[in-house]
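Participant: Below is one structure. I have some questions about it.
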Amino acid sequence: MKDKIFPIFLIIIFLIIFFIFYNGLQNSNIYTPKTNIEKNIPSFKAKIFNTDDNISSEEIFKNDKYYLMNIWASWCVPCRDEHPFLMNLSNEKSIEIIGLNYKDDVVKAKKFLSELNNPYNKIVFDEDGTLSIEWGAYGVPESFLIYNNKVIKKIIGPINENLLLEIKELIK
Amino acid sequence: MASLIGLYALIFGLCFSFLIVFFSVKNFRNINVFDNKIIFLTFLQFFFVVVSFLGLILSFVVSDFSNETVFNHSHTTKPLFYKISGTWGNHEGSLLLWLLVLTLFIFLFLLKSKKQTKQYRILTLLFQQIIIIGFFIFLIKTSNPFNYIFPVPDEGLGLNPILQDPALAIHPPILYLGYVGSSIIFSSTLAATSLNYISKEWAKHIKQWVLVSWIFLTLGILLGSIWAYYELGWGGFWFWDPVENVSLMPWLALTTLLHCILVLEKRLVLTSWVVILSISTFTLSMCGTFLVRSGILNSVHTFANDPERGLYILIFLFCLIFLSLFIFFFFHKVEKKNIGNFFWLSKETSILINNWFMMYFLSVILIGTVYPIFLEVISSDKISVGPPFYNKLIIPFLIPFLLAMAIGPKLNWIKSELKIKSYLILFLLISLLLSIFIIKSLNINFLLNTILVTSAFYLFFITSRDFFIKKFKFFSQTIAHFGFSLLILSILFNNIFSTEIITNLRIGETFHDEKFKINFENIEKRNEQNFKSFIGKFNIENFNGNVEILRPELRIYNQPNIVTSEADIKTNLLTDKFMTMNLVQNQDYFNIRYQIKPFMFWIWFSVLLISFGGIISLFQRRYER
């Protein structure tokens with residue numbers, strides 16, 4: 001009997017692993033961006049960039065206003081490409097741009113902004129990248145257009161001219 | 001046309017599996033001699049998979065866009081070399097390559113194992129056929145490389161430019177030879193366990209296969225790492241990315257297995273280690289396939305996200321795990337007489353100690369890789385595990401590991417006398433002084449770094465001494481261990497001495513710093529077959545007046561439309577000068593990243609040495625006496 005316990009124990013462990021992987025397959029929502037659309041945005045509490053203060057998502061996102069949540073980092077090359085479009089968009093009154101600084105070095109990020117100007121109304125700091133995972137981000141850069149606490153459009157990769165026009169059309 | 005032939009060849013190949021199983025079972029029961037018809041059938045199966053594979057290559061070469069795989073991953077303007085390598089640069093094609101290696105290896109195994117008993121050969125073949133059938137069905141059912149699309153598109157979608165690279169073109173085949181080679185070890189271990197066939201002779205015979213897959217796995221990981229170094233442009237060579245981890249885990253298991261086999265060859269001990277490690281090497285390879293292909297982890301290797309595929313591999317993987325557990329617990333007989341027969345100061349004890357260290361490293365990496373998945377499923381918390389986790393858990397344990405690696409090979413098999421040899425102490429003192437000398441002027445954690453560098457130097461000196469004392473007697477082992485010490489030393493110094501400058505420059509501007517002067521001279525534009533290239537010319541003058549010219553490149557690919565940045569790397573024996581240039585849109589300046597990375601050459605070279613040790617051992621007729 002004694003030498004049967006170990007195999008059974010092992011089999012149970014493997015069954016549990018199987019079950020977990022199986023569930024992991026089901027909810028790999030990171031890779032199906034469509035399911036994120038029209039869902040309420042995740043609520044979070046995060047550090048404000050370059051300070052020690054925290055801010056919660058409720059304080060950032062108000063109803064009846066458009067927000068563009070933009071994930072960026074100073075090390076990210078395409079972020080530099082999309083930066084002029086963000087600058088352009090920041091002139092629009094009806095939208096607020098929220099930056100999510102992803103796995104970045106504060107000094108380098110500050111340099112990035114001073115070099116290219118700051119299009120963001122607010123910036124939250126995602127030092128270890130967990131916040132972006134919660135948002136179901138693919139990578140950097142990525143942007144979420146938000147209205148009434150719902151993601152109405154998700155943009156994977158840098159914003160370009162067409163996407164900029166599309167956003168402007170949407171927020172009219 | 002080629003696609004059609006490929007598809008039929010694939011189906012024929014599957015049919016041969018059933019024929020082989022049928023004749024093998026018949027042969028297993030009845031006749032006493034091995035039926036050579038089976039070898040022929042195995043060859044035919046291999047042949048049909050080759051035909052199928054060639055069919056896919058041909059479809060890629062002629063850009064036959066009626067084939068869905070070709071449409072998704074190729075383009076007419078791509079150079080021929082990358083059209084061919086595009087064959088395995090996608091999910092479907094790479095699985096076909098996997099199948100190709102599976103059938104090739106079992107065919108070679110049957111040819112090479114004529115001295116073994118009939119029962120053992122047939123059972124190995126049967127276990128291997130289970131894996132082969134599993135992959136055939138997986139391929140045909142969920143990831144058919146020959147799907148037809150109508151209407152036929154005029155142009156394909158193109159291969160991801162970062163995969164258009166010579167190192168990455170040969171990386172998958174080499175890595176697969178390693179991954180899939182472990183399937184032979186898996187099947188033959190299961191066969192040997194069920195027949196109670198594990199012996200010193202068996203160890204000798206299976207050692208070749210362990211070595212072959214170990215060499216290819218080592219080289220495959222090296223190629224992937226070199227690619228990441230110059231193509232991803234971050235200037236690192238190992239990122240503890242889950243995809244890298246899943247290739248490192250089978251490598252650790254295989255390395256441990258190799259050492260256990262060496263012990264088994266001498267004395268009939270550690271049989272349980274051998275069986276468990278053989279099983280885990282292959283299951284870890286499969287698990288890696290599952291993790292990177294199912295979309296649970298995101299990476300360049302996640303070609304497509306299809307839960308059906310993930311589910312299939314998962315079920316198949318666990319069937320194999322349960323099958324092997326069943327065989328292990330029901331058939332494996334522990335050699336009672338040899339248990340507890342380890343003298344504390346002997347070569348096998350030191351191998352056993354290092355085995356446990358290897359298992360520790362393996363578990364750290366395993367936990368770091370899969371724990372985030374577990375946590376997300378159980379508590380829906382999300383965490384990301386990065387380099388600090390691995391560094392903190394692995395680096396301190398490298399110290400005893402390196403020391404045991406230095407002293408272990410000096411001991412005798414079975415029992416050695418405790419004699420303090422003067423050179424062992426002398427080398428320790430030299431290493432210690434040398435490390436203190438190097439570390440003291442630097443602004444880093446003194447104690448840990450000194451001990452770490454000391455132990456790496458210690459192994460380095462002791463293995464270097466072996467080259468002179470023992471000449472060619474333990475050559476394969478000496479060279480592999482020497483390579484490992486060189487690897488650790490190079491990585492340590494690379495980390496300690498790297499410097500980096502990031503700045504923005506316009507054409508004609510100069511960057512100043514107390515150490516360097518970087519001058520952006522000009523930019524040159526070229527049109528290549530499937531991309532436009534912009535090559536910057538930079539003059540770098542360091543503080544003692546040496547001038548170096550670096551030419552980083554920006555490529556704008558036409559299909560798909562992606563900008564990649566190609567680093568320019570000036571390599572010499574001591575340092576790599578690494579420069580990348582990035583475009584900043586709507587600005588007239590470029591973002592420049594200049595890095596000095598010492599000992600990069602030695603990192604690559606030492607891994608080559610390690611695998612070279614394996615190659616020598618493979619061709620060496622006899623192991624040490």
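Residues are named by chain letter and number: chains run A, B, ... in the order of the structure tokens, numbers start at 1 in each chain, and ligands are numbered from 1 in the order shown.
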Using backbone DSSP assignments, extract all helix (DSSP H, G or I) residues from range 17-165 of chain A; output them as a PyMOL selection string.

Facilitator: chain A and resi 17-26+29-31+33-36+57-60+77-89+106-116+130-134+161-165

Participant: Compute the chain B side of the contact with chain A at 9 Å, counting only C-alpha atoms, and hand it back as a PyMOL selection string.

Facilitator: chain B and resi 294-298+305+307+310-311+314-315+318+321-322+325-326+329+373-374+376-378+381-386+563+582-586+591

Participant: Restrict the selected residues to N, CA and C atoms and save them as a CSV table (one decimal), in the first residue's frame.

Facilitator:
chain,number,residue,atom,x,y,z
B,294,SER,N,0.5,27.3,-28.0
B,294,SER,CA,-0.9,27.4,-27.6
B,294,SER,C,-1.3,28.8,-27.5
B,295,GLY,N,-0.4,29.7,-27.3
B,295,GLY,CA,-0.8,31.1,-27.1
B,295,GLY,C,-0.9,31.4,-25.6
B,296,ILE,N,-0.6,30.5,-24.7
B,296,ILE,CA,-0.6,30.8,-23.3
B,296,ILE,C,0.4,31.8,-23.0
B,297,LEU,N,1.6,31.6,-23.7
B,297,LEU,CA,2.6,32.6,-23.6
B,297,LEU,C,2.7,33.4,-24.9
B,298,ASN,N,3.1,34.6,-24.8
B,298,ASN,CA,3.2,35.3,-26.1
B,298,ASN,C,4.7,35.5,-26.5
B,305,ASN,N,-2.9,31.8,-32.8
B,305,ASN,CA,-3.5,31.5,-31.5
B,305,ASN,C,-4.8,30.7,-31.9
B,307,PRO,N,-7.0,27.7,-29.9
B,307,PRO,CA,-7.2,26.9,-28.7
B,307,PRO,C,-7.2,25.4,-29.0
B,310,GLY,N,-3.8,24.0,-29.0
B,310,GLY,CA,-3.2,24.0,-27.7
B,310,GLY,C,-3.8,22.8,-26.9
B,311,LEU,N,-5.1,22.6,-27.1
B,311,LEU,CA,-5.8,21.5,-26.4
B,311,LEU,C,-5.3,20.2,-26.8
B,314,LEU,N,-1.9,19.5,-25.4
B,314,LEU,CA,-2.0,19.3,-24.0
B,314,LEU,C,-2.5,17.9,-23.7
B,315,ILE,N,-3.5,17.5,-24.4
B,315,ILE,CA,-4.0,16.1,-24.1
B,315,ILE,C,-3.0,15.1,-24.5
B,318,PHE,N,-0.2,14.9,-21.9
B,318,PHE,CA,-0.5,14.3,-20.7
B,318,PHE,C,-0.7,12.8,-20.9
B,321,ILE,N,2.7,11.5,-20.6
B,321,ILE,CA,3.2,11.6,-19.2
B,321,ILE,C,2.6,10.4,-18.4
B,322,PHE,N,1.3,10.2,-18.6
B,322,PHE,CA,0.7,9.1,-17.8
B,322,PHE,C,1.2,7.7,-18.3
B,325,LEU,N,4.6,7.4,-16.7
B,325,LEU,CA,4.5,7.1,-15.3
B,325,LEU,C,4.0,5.7,-15.0
B,326,PHE,N,3.1,5.2,-15.8
B,326,PHE,CA,2.6,3.9,-15.6
B,326,PHE,C,3.8,2.9,-15.8
B,329,PHE,N,6.3,3.1,-12.9
B,329,PHE,CA,6.0,2.5,-11.6
B,329,PHE,C,5.7,1.0,-11.6
B,373,ILE,N,1.3,31.5,-15.1
B,373,ILE,CA,0.1,30.9,-15.7
B,373,ILE,C,-0.8,30.4,-14.5
B,374,PHE,N,-0.2,29.6,-13.6
B,374,PHE,CA,-0.9,29.0,-12.5
B,374,PHE,C,-1.6,30.1,-11.7
B,376,GLU,N,-2.5,33.0,-12.5
B,376,GLU,CA,-3.6,33.7,-13.2
B,376,GLU,C,-4.9,32.8,-13.2
B,377,VAL,N,-4.7,31.5,-13.3
B,377,VAL,CA,-5.8,30.6,-13.4
B,377,VAL,C,-6.5,30.5,-12.0
B,378,ILE,N,-5.6,30.4,-11.0
B,378,ILE,CA,-6.2,30.2,-9.6
B,378,ILE,C,-6.7,31.4,-9.0
B,381,ASP,N,-4.7,36.8,-10.4
B,381,ASP,CA,-3.7,37.8,-10.3
B,381,ASP,C,-2.7,37.7,-11.4
B,382,LYS,N,-2.1,38.8,-11.8
B,382,LYS,CA,-1.1,38.7,-12.9
B,382,LYS,C,0.2,39.2,-12.4
B,383,ILE,N,1.2,38.4,-12.6
B,383,ILE,CA,2.5,38.8,-12.3
B,383,ILE,C,3.4,38.6,-13.4
B,384,SER,N,4.5,39.3,-13.5
B,384,SER,CA,5.5,39.0,-14.5
B,384,SER,C,6.8,38.7,-13.8
B,385,VAL,N,7.4,37.6,-14.3
B,385,VAL,CA,8.7,37.1,-13.6
B,385,VAL,C,9.8,37.5,-14.6
B,386,GLY,N,10.8,38.3,-14.0
B,386,GLY,CA,11.8,38.8,-14.9
B,386,GLY,C,13.2,38.3,-14.4
B,563,VAL,N,9.5,48.3,-40.2
B,563,VAL,CA,10.8,48.9,-40.1
B,563,VAL,C,11.6,48.1,-39.1
B,582,ASN,N,17.8,54.2,-34.6
B,582,ASN,CA,16.4,54.1,-34.7
B,582,ASN,C,15.8,55.4,-35.3
B,583,LEU,N,14.7,55.2,-36.0
B,583,LEU,CA,14.1,56.3,-36.7
B,583,LEU,C,13.2,57.0,-35.7
B,584,VAL,N,13.2,58.3,-35.7
B,584,VAL,CA,12.2,59.0,-34.9
B,584,VAL,C,11.4,59.8,-35.9
B,585,GLN,N,10.1,59.4,-36.0
B,585,GLN,CA,9.3,59.9,-37.1
B,585,GLN,C,9.1,61.4,-37.0
B,586,ASN,N,9.0,62.1,-38.1
B,586,ASN,CA,8.8,63.5,-38.2
B,586,ASN,C,9.8,64.3,-37.5
B,591,ASN,N,17.7,58.2,-33.2
B,591,ASN,CA,18.1,57.8,-31.8
B,591,ASN,C,19.2,56.7,-31.9

Participant: Could you list, as a PyMOL selection string, every residue within 12 Å of Glu58 in chain A, counting only C-alpha atoms and ignoring same-chain residues fewer than 2 positions away?

Facilitator: chain A and resi 40-46+54-56+60-63+148-149

Participant: Could the residues in this selection be saved with C-alpha atoms as a CSV table (one decimal), in the first residue's frame?

Facilitator:
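Okay, again14.csv is ready:
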chain,number,residue,atom,x,y,z
A,40,ASN,CA,-15.8,47.6,-18.5
A,41,ILE,CA,-12.2,48.7,-18.1
A,42,PRO,CA,-10.3,47.1,-15.3
A,43,SER,CA,-10.2,49.2,-12.2
A,44,PHE,CA,-6.7,49.8,-10.8
A,45,LYS,CA,-4.6,51.8,-8.5
A,46,ALA,CA,-1.3,53.0,-9.8
A,54,ASN,CA,-1.2,56.9,-6.2
A,55,ILE,CA,-4.2,57.4,-8.3
A,56,SER,CA,-7.1,55.1,-8.9
A,60,ILE,CA,-8.9,59.2,-14.0
A,61,PHE,CA,-11.8,58.0,-16.1
A,62,LYS,CA,-15.0,60.0,-15.8
A,63,ASN,CA,-18.2,59.2,-17.6
A,148,ASN,CA,-18.2,55.6,-20.3
A,149,ASN,CA,-15.7,53.3,-18.7

Participant: Write out as a CSV table (one decimal) with C-alpha atoms, in the first residue's frame the residues lying within 10 Å of range 50-53 of chain A, counting only C-alpha atoms and excluding same-chain residues fewer than 6 positions away.

Facilitator:
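Generated file (part_22.csv):
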chain,number,residue,atom,x,y,z
A,106,VAL,CA,11.9,57.1,-14.9
A,107,VAL,CA,15.0,59.1,-16.0
A,109,ALA,CA,11.2,58.3,-19.7
A,110,LYS,CA,11.5,61.9,-18.6
A,123,ILE,CA,0.7,59.5,-16.8
A,124,VAL,CA,0.6,56.4,-14.6
A,125,PHE,CA,3.6,54.3,-14.0

Participant: Looking at only C-alpha atoms, which of B:Ile462, B:Ile174, B:Leu41, B:Leu190 is the one that sits closest to Gly220 in chain B?

Facilitator: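 Checking each candidate against Gly220 in chain B, we get B:Ile174 as the closest.
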
Participant: Excluding same-chain residues fewer than 6 positions from range 273-289 of chain B, what lies within 10 Å of it counting only C-alpha atoms, as a ChimeraX atom specification?

Facilitator: /B:95,176,178-190,192-193,198,203,210,242-261,263-264,301-302,310,313-314,316-318,320-321,324-325,328,332,352,355,359,366

Participant: Could you list, as a short mmCIF file (atom, residue, chain, number, x, y, z; two decimals) with N, CA and C atoms, in the first residue's frame, every residue within 9 Å of Ser490 in chain B, counting only C-alpha atoms and ignoring same-chain residues fewer than 6 positions away?

Facilitator:
data_model
loop_
_atom_site.label_atom_id
_atom_site.label_comp_id
_atom_site.auth_asym_id
_atom_site.auth_seq_id
_atom_site.Cartn_x
_atom_site.Cartn_y
_atom_site.Cartn_z
N PRO B 598 31.98 43.71 -23.42
CA PRO B 598 33.19 42.91 -23.44
C PRO B 598 32.89 41.41 -23.48
N PHE B 599 33.79 40.66 -24.04
CA PHE B 599 33.78 39.19 -24.01
C PHE B 599 32.62 38.53 -24.71
N MET B 600 31.90 39.26 -25.57
CA MET B 600 30.78 38.62 -26.26
C MET B 600 31.28 37.44 -27.09
N PHE B 601 32.41 37.67 -27.77
CA PHE B 601 32.95 36.60 -28.60
C PHE B 601 33.17 35.34 -27.79
N TRP B 602 33.66 35.54 -26.55
CA TRP B 602 33.96 34.36 -25.71
C TRP B 602 32.72 33.66 -25.23
N ILE B 603 31.62 34.39 -25.11
CA ILE B 603 30.37 33.72 -24.74
C ILE B 603 29.99 32.74 -25.84
N SER B 606 32.63 29.91 -26.11
CA SER B 606 32.63 28.89 -25.06
C SER B 606 31.47 27.91 -25.24
#

Participant: If you measure from CA of Phe71 in chain B to CA of Val152 in chain B, what distance in Å do you get, rounded to one decimal?

Facilitator: 9.1 Å

Participant: Quick check, in Å to one decimal: how far apart do CA of Arg293 in chain B and CA of Asp241 in chain B lie?

Facilitator: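 Pair CA of Arg293 in chain B / CA of Asp241 in chain B returns 14.7 Å.
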
Participant: Could you check the closest approach to Ser143 in chain A for each of A:Leu86, A:Ile71, A:Ile13, A:Ile171 and tell me which residue wins, using only C-alpha atoms?

Facilitator: A:Ile71

Participant: With only C-alpha atoms as the atoms that count, which of B:Leu486, B:Ile140, B:Leu411, B:Ala167 lies nearest to Gly93 in chain B?

Facilitator: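 Ranking B:Leu486, B:Ile140, B:Leu411, B:Ala167 by distance to Gly93 in chain B, first place goes to B:Ile140.
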
Participant: Report as a list in words all protein, DNA and RNA residues lying within 9 Å of Arg555 in chain B, evaluated on only C-alpha atoms, omitting residues in the same chain fewer than 5 positions from it.

Facilitator: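 Contacts, in chain order: Phe531, Lys532, Ser533, Phe534, Ile535, Ile562, Val563, Thr564, Ser565 and Glu566 of chain B.
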
Participant: How would the residues just picked look written out with N, CA and C atoms as a compact mmCIF listing (two decimals), in the first residue's frame?

Facilitator:
# COMPACT_ATOMS: atom_id res chain seq x y z
N PHE B 531 13.54 45.21 -49.44
CA PHE B 531 13.52 46.29 -48.45
C PHE B 531 14.38 47.45 -48.93
N LYS B 532 14.12 48.60 -48.35
CA LYS B 532 14.98 49.76 -48.56
C LYS B 532 15.87 49.86 -47.34
N SER B 533 17.10 50.26 -47.56
CA SER B 533 17.94 50.32 -46.38
C SER B 533 18.62 51.68 -46.26
N PHE B 534 18.68 52.16 -45.04
CA PHE B 534 19.37 53.41 -44.74
C PHE B 534 20.53 53.08 -43.83
N ILE B 535 21.74 53.40 -44.29
CA ILE B 535 22.90 53.02 -43.51
C ILE B 535 23.59 54.29 -43.01
N ILE B 562 7.24 46.81 -42.43
CA ILE B 562 7.77 46.89 -41.07
C ILE B 562 9.16 47.51 -41.13
N VAL B 563 9.48 48.33 -40.16
CA VAL B 563 10.83 48.88 -40.06
C VAL B 563 11.61 48.06 -39.06
N THR B 564 12.76 47.57 -39.46
CA THR B 564 13.61 46.90 -38.48
C THR B 564 14.94 47.62 -38.42
N SER B 565 15.59 47.50 -37.28
CA SER B 565 16.88 48.15 -37.18
C SER B 565 17.94 47.08 -37.02
N GLU B 566 18.94 47.14 -37.88
CA GLU B 566 20.01 46.15 -37.84
C GLU B 566 21.19 46.76 -37.13

Participant: For Thr87 in chain B, which residue out of B:Phe105, B:Phe60, B:Trp344, B:Phe48 is the nearest one, using only C-alpha atoms?

Facilitator: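 Nearest candidate to Thr87 in chain B out of B:Phe105, B:Phe60, B:Trp344, B:Phe48: B:Phe60.
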